[in-house]
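For reference, the structure discussed in these notes is given below.
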There are 2 protein chains.
Amino acid sequence: MREVFHQSLEDVQGRLVEIAELVTVAIDKATRAFGTSDVSLAEEVIEADAVIDEKAVALDELAIEILARQQPVARDLRIVVSALRMSASLERMGDIAEHIAQLTRMRFPERAIPKGLKSTFLKMGELDVEVSRQLAELLRTQDLAVAESIRNADDRLDELHLSVFEKVLSDSWQGEASATVDATLASRYHERFADHAVSVAKKVAYLSTGEWTATTDAIDVVSPA
Amino acid sequence: MREVFHQSLEDVQGRLVEIAELVTVAIDKATRAFGTSDVSLAEEVIEADAVIDEKAVALDELAIEILARQQPVARDLRIVVSALRMSASLERMGDIAEHIAQLTRMRFPERAIPKGLKSTFLKMGELDVEVSRQLAELLRTQDLAVAESIRNADDRLDELHLSVFEKVLSDSWQGEASATVDATLASRYHERFADHAVSVAKKVAYLSTGEWTATTDAIDVVSPA
């Protein structure tokens, strides 16, 4: 029974890695599409989100089946419950990549990336892609140094998020209302993406250390300054 | 054992209702604070969110304990897994009420509610409060007519959300960048609040009908027009 459970967990882990890799492809394409107004790349992201959703649902079903058949208790049980939550966070990360792609499509043929914020959003996009890649690696290796690196990137993204609001609310901002809307939404999406990654990383840390932190995912503390 | 499980479920249900009632208080105060720039009311919401978070964590722990001790299978297992997800959604609704309160505090003594959008946001606030009240009722009574009513209110909120973007992007919009930022964020918060309520309502529908819908909470389809 123990061995069966171990094999099931490996299956769960493999699927989490697979979803994280799909999310990485999505955020990579979405941020590139956003930066270059590439509407066909944006369409690819929007279409591919259904695959991420399906895989998250399939993982949830597997987790429920493991609970039903193998009746894990104690730490094993918490691992399976964590997998359900990680699946939900990864699915949301896919949704956010889709939202960034939708912004791109909505403004086409105009640029969705507001003038004066190009380098900021390029940086945010790079950080999100890096965070997503690292998350897949963390899920694969359970190397907690990677979790630390994800948290650092999230801190950088929070700073950039605040800098977008500073820019938009400064006297020098010449953007029209549509640029202000785009900057607000895009910045929030980029920042939230990494929040979800941090939330997953915390759960992986539990899987490795056995230290269960009974906290909510109340991670959404960055407001416009 | 069956009776013990039944009692545990009643406990779970009671806690879900309790959290939904706290969320209703939070969104009621948050939207009133937002409408009237009442910063002390906003502070109340921000402080009280920790209570919602704690109660959600306690409910999660109870659900995990039920899984460990009572090892439910089949439909019973899915009910407990649903409770974990409902708890996460309610907790997010509390966070969103807090975000609306934070917007209010951030702009004080200025009004956070942008000029020309007062009646729209009053309506959105009323709908969110109504949705939250109905959700508590639905969790208490499992009356699926209430679930339908929540979906209808969510549709109205989606329309209002789009109308905010139409307004902000129209030639008549005279708002400064800060008003555009506030309108964008506040509208998104109001709309997302009801999305989460719909997500919970769907799960209650499962508890009542036994029809498990293996879908994600991919409910975030409304983009600015």
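Please note that chains go A, B, ... in the order of the structure tokens, that every chain numbers its residues from 1, and that ligands are numbered from 1 in the order shown.
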Query raised in the report: Can you list, as a list in words, every protein, DNA or RNA residue that comes within 7 Å of stretch 19-22 of chain A when you count only C-alpha atoms, leaving out same-chain residues fewer than 5 positions away?
Result: Ile52, Lys55, Leu90, Ser132, Leu135 and Ala136 of chain A
Requested in this report: Dump as a ChimeraX atom specification the residues of chain A that approach chain B to within 9 Å, counting only C-alpha atoms.
Outcome: /A:53-54,56-58,60-61,64-65,67-69,71-74,77-78,81,85,88,91-92,95,99,102-103,106,165,168-170,173,175-178,180-181,183-185,188,214-218,220-221,223-225
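Among the candidates A:Ser208, A:Asn152, A:Ser187, A:Gln142, the residue lying nearest to A:Lys118 is A:Ser187 (atoms considered: only C-alpha atoms).
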Can you show chain B as a short mmCIF file (atom, residue, chain, number, x, y, z; two decimals) with C-alpha atoms, in the first residue's frame once it has been least-squares superposed onto chain A, using every C-alpha atom paired in order?
```cif
data_model
loop_
_atom_site.label_atom_id
_atom_site.label_comp_id
_atom_site.auth_asym_id
_atom_site.auth_seq_id
_atom_site.Cartn_x
_atom_site.Cartn_y
_atom_site.Cartn_z
CA MET B 1 -0.03 -0.01 -0.04
CA ARG B 2 2.81 2.28 0.91
CA GLU B 3 4.46 1.68 -2.41
CA VAL B 4 1.24 2.29 -4.29
CA PHE B 5 0.88 5.60 -2.46
CA HIS B 6 4.43 6.53 -3.32
CA GLN B 7 3.80 5.83 -6.98
CA SER B 8 0.61 7.87 -6.87
CA LEU B 9 2.50 10.79 -5.42
CA GLU B 10 5.05 10.56 -8.19
CA ASP B 11 2.23 10.69 -10.67
CA VAL B 12 0.82 13.78 -8.93
CA GLN B 13 4.22 15.42 -8.91
CA GLY B 14 4.78 14.68 -12.59
CA ARG B 15 1.45 16.24 -13.46
CA LEU B 16 2.16 19.35 -11.41
CA VAL B 17 5.47 19.75 -13.27
CA GLU B 18 3.72 19.25 -16.59
CA ILE B 19 1.12 21.93 -15.81
CA ALA B 20 3.82 24.33 -14.57
CA GLU B 21 5.65 23.82 -17.88
CA LEU B 22 2.50 24.59 -19.86
CA VAL B 23 2.01 27.71 -17.73
CA THR B 24 5.59 28.72 -18.52
CA VAL B 25 4.93 28.43 -22.25
CA ALA B 26 1.74 30.45 -21.78
CA ILE B 27 3.30 33.32 -19.82
CA ASP B 28 6.31 33.40 -22.14
CA LYS B 29 4.10 33.74 -25.20
CA ALA B 30 1.66 36.11 -23.47
CA THR B 31 4.32 38.55 -22.34
CA ARG B 32 6.06 38.45 -25.74
CA ALA B 33 2.71 39.01 -27.47
CA PHE B 34 1.99 41.90 -25.09
CA GLY B 35 5.39 43.46 -25.74
CA THR B 36 5.23 43.22 -29.53
CA SER B 37 1.45 43.41 -30.15
CA ASP B 38 1.60 39.97 -31.74
CA VAL B 39 -2.06 39.09 -31.92
CA SER B 40 -1.59 35.60 -33.35
CA LEU B 41 0.74 34.71 -30.50
CA ALA B 42 -1.89 36.09 -28.13
CA GLU B 43 -4.53 33.88 -29.77
CA GLU B 44 -2.32 30.84 -29.20
CA VAL B 45 -2.22 31.57 -25.48
CA ILE B 46 -5.98 32.07 -25.30
CA GLU B 47 -6.66 28.80 -27.10
CA ALA B 48 -4.11 26.81 -25.12
CA ASP B 49 -5.57 27.79 -21.75
CA ALA B 50 -8.24 25.11 -22.11
CA VAL B 51 -5.49 22.47 -22.04
CA ILE B 52 -4.17 23.81 -18.74
CA ASP B 53 -7.70 23.82 -17.33
CA GLU B 54 -8.27 20.22 -18.42
CA LYS B 55 -5.00 19.06 -16.93
CA ALA B 56 -5.78 20.79 -13.65
CA VAL B 57 -9.19 19.10 -13.52
CA ALA B 58 -7.61 15.72 -14.29
CA LEU B 59 -5.09 16.24 -11.52
CA ASP B 60 -7.88 17.12 -9.08
CA GLU B 61 -9.71 13.96 -10.04
CA LEU B 62 -6.55 11.92 -9.49
CA ALA B 63 -6.07 13.50 -6.06
CA ILE B 64 -9.66 12.70 -5.09
CA GLU B 65 -9.19 9.12 -6.30
CA ILE B 66 -6.04 8.80 -4.17
CA LEU B 67 -7.96 10.07 -1.15
CA ALA B 68 -10.76 7.58 -1.79
CA ARG B 69 -8.69 4.52 -2.55
CA GLN B 70 -5.64 4.94 -0.39
CA GLN B 71 -7.13 6.86 2.52
CA PRO B 72 -3.91 8.63 3.42
CA VAL B 73 -3.62 10.16 6.90
CA ALA B 74 -1.31 12.61 8.66
CA ARG B 75 1.41 14.05 6.45
CA ASP B 76 0.41 11.96 3.40
CA LEU B 77 -3.10 13.38 3.57
CA ARG B 78 -1.77 16.92 3.75
CA ILE B 79 0.42 16.30 0.73
CA VAL B 80 -2.61 15.30 -1.33
CA VAL B 81 -4.63 18.29 -0.08
CA SER B 82 -1.67 20.52 -0.97
CA ALA B 83 -1.66 19.09 -4.48
CA LEU B 84 -5.29 20.15 -4.89
CA ARG B 85 -4.37 23.68 -3.88
CA MET B 86 -1.27 23.82 -6.05
CA SER B 87 -3.38 22.70 -8.98
CA ALA B 88 -5.81 25.57 -8.34
CA SER B 89 -2.97 28.10 -8.19
CA LEU B 90 -1.35 26.84 -11.39
CA GLU B 91 -4.69 26.99 -13.12
CA ARG B 92 -5.07 30.63 -12.03
CA MET B 93 -1.58 31.39 -13.35
CA GLY B 94 -2.71 30.05 -16.71
CA ASP B 95 -5.79 32.27 -16.54
CA ILE B 96 -3.63 35.31 -15.86
CA ALA B 97 -1.41 34.55 -18.87
CA GLU B 98 -4.65 34.38 -20.85
CA HIS B 99 -5.76 37.78 -19.48
CA ILE B 100 -2.48 39.36 -20.62
CA ALA B 101 -3.04 37.83 -24.04
CA GLN B 102 -6.62 39.16 -24.07
CA LEU B 103 -5.39 42.69 -23.32
CA THR B 104 -3.05 42.38 -26.29
CA ARG B 105 -5.82 41.20 -28.60
CA MET B 106 -8.25 43.82 -27.37
CA ARG B 107 -5.96 46.73 -28.22
CA PHE B 108 -4.68 45.34 -31.51
CA PRO B 109 -3.58 46.93 -33.85
CA GLU B 110 -2.70 49.48 -31.18
CA ARG B 111 0.01 48.56 -28.73
CA ALA B 112 -1.32 47.33 -25.41
CA ILE B 113 1.90 48.23 -23.67
CA PRO B 114 1.57 51.87 -22.61
CA LYS B 115 4.16 54.38 -23.75
CA GLY B 116 6.74 55.19 -21.13
CA LEU B 117 6.24 51.84 -19.43
CA LYS B 118 7.78 49.59 -22.06
CA SER B 119 10.93 48.70 -20.14
CA THR B 120 8.95 48.20 -16.92
CA PHE B 121 6.58 45.72 -18.53
CA LEU B 122 9.40 43.95 -20.37
CA LYS B 123 11.08 43.46 -17.02
CA MET B 124 7.85 42.31 -15.38
CA GLY B 125 7.30 39.86 -18.21
CA GLU B 126 10.82 38.48 -17.91
CA LEU B 127 10.43 38.06 -14.17
CA ASP B 128 7.10 36.25 -14.56
CA VAL B 129 8.59 33.86 -17.12
CA GLU B 130 11.56 33.26 -14.85
CA VAL B 131 9.26 32.68 -11.85
CA SER B 132 7.23 30.17 -13.83
CA ARG B 133 10.34 28.30 -15.04
CA GLN B 134 11.68 28.20 -11.53
CA LEU B 135 8.38 26.93 -10.22
CA ALA B 136 8.46 23.99 -12.63
CA GLU B 137 12.03 23.31 -11.50
CA LEU B 138 11.04 23.54 -7.86
CA LEU B 139 8.18 21.10 -8.38
CA ARG B 140 10.59 18.73 -10.15
CA THR B 141 13.54 18.95 -7.77
CA GLN B 142 12.03 20.22 -4.49
CA ASP B 143 15.19 22.30 -4.17
CA LEU B 144 14.18 24.93 -1.64
CA ALA B 145 16.86 27.38 -2.82
CA VAL B 146 14.64 27.78 -5.87
CA ALA B 147 11.68 28.66 -3.65
CA GLU B 148 13.77 31.46 -2.16
CA SER B 149 14.60 32.71 -5.63
CA ILE B 150 10.89 32.79 -6.51
CA ARG B 151 10.17 34.89 -3.43
CA ASN B 152 12.91 37.33 -4.43
CA ALA B 153 11.52 37.68 -7.94
CA ASP B 154 8.08 38.28 -6.42
CA ASP B 155 9.52 41.11 -4.31
CA ARG B 156 10.97 42.68 -7.45
CA LEU B 157 7.59 42.36 -9.17
CA ASP B 158 5.85 44.04 -6.24
CA GLU B 159 8.29 46.97 -6.54
CA LEU B 160 7.71 47.23 -10.29
CA HIS B 161 3.94 47.06 -9.72
CA LEU B 162 4.15 50.03 -7.36
CA SER B 163 6.41 51.87 -9.82
CA VAL B 164 3.72 51.53 -12.50
CA PHE B 165 1.24 53.33 -10.25
CA GLU B 166 3.80 55.99 -9.37
CA LYS B 167 4.36 56.60 -13.05
CA VAL B 168 0.70 56.65 -13.98
CA LEU B 169 -0.17 58.99 -11.12
CA SER B 170 2.77 61.34 -11.71
CA ASP B 171 2.46 64.75 -13.36
CA SER B 172 4.57 63.54 -16.27
CA TRP B 173 2.04 60.88 -17.28
CA GLN B 174 0.60 61.81 -20.65
CA GLY B 175 -1.24 58.58 -21.35
CA GLU B 176 -4.86 58.54 -22.39
CA ALA B 177 -7.43 56.78 -20.25
CA SER B 178 -7.04 53.58 -22.27
CA ALA B 179 -3.29 53.54 -21.54
CA THR B 180 -4.02 54.07 -17.85
CA VAL B 181 -6.55 51.22 -17.83
CA ASP B 182 -4.10 48.93 -19.64
CA ALA B 183 -1.23 49.80 -17.33
CA THR B 184 -3.41 49.21 -14.26
CA LEU B 185 -4.75 45.85 -15.40
CA ALA B 186 -1.51 44.56 -16.92
CA SER B 187 0.51 45.50 -13.87
CA ARG B 188 -1.93 43.80 -11.57
CA TYR B 189 -1.93 40.64 -13.72
CA HIS B 190 1.87 40.49 -13.76
CA GLU B 191 2.06 40.96 -10.02
CA ARG B 192 -0.67 38.43 -9.20
CA PHE B 193 0.99 35.79 -11.39
CA ALA B 194 4.02 35.74 -9.11
CA ASP B 195 1.83 35.79 -5.98
CA HIS B 196 0.32 32.49 -7.04
CA ALA B 197 3.79 31.08 -7.73
CA VAL B 198 4.86 32.04 -4.21
CA SER B 199 1.76 30.35 -2.86
CA VAL B 200 2.68 27.11 -4.67
CA ALA B 201 6.31 27.41 -3.59
CA LYS B 202 5.24 27.61 0.06
CA LYS B 203 3.37 24.37 -0.30
CA VAL B 204 6.36 22.64 -1.92
CA ALA B 205 8.41 23.82 1.03
CA TYR B 206 5.94 21.98 3.22
CA LEU B 207 6.26 18.82 1.18
CA SER B 208 10.02 18.98 1.69
CA THR B 209 10.24 20.02 5.31
CA GLY B 210 7.01 18.60 6.70
CA GLU B 211 6.27 21.97 8.27
CA TRP B 212 2.66 22.65 7.55
CA THR B 213 1.81 26.32 7.67
CA ALA B 214 -1.87 26.66 8.31
CA THR B 215 -2.27 29.90 6.45
CA THR B 216 -4.55 31.09 3.78
CA ASP B 217 -3.28 32.28 0.46
CA ALA B 218 -3.82 35.84 1.63
CA ILE B 219 -0.95 37.10 -0.44
CA ASP B 220 -2.50 40.04 -2.11
CA VAL B 221 -1.11 42.89 -0.10
CA VAL B 222 0.29 45.18 -2.75
CA SER B 223 -1.96 48.12 -3.48
CA PRO B 224 -1.29 51.06 -5.71
CA ALA B 225 0.65 53.63 -3.71
#
```
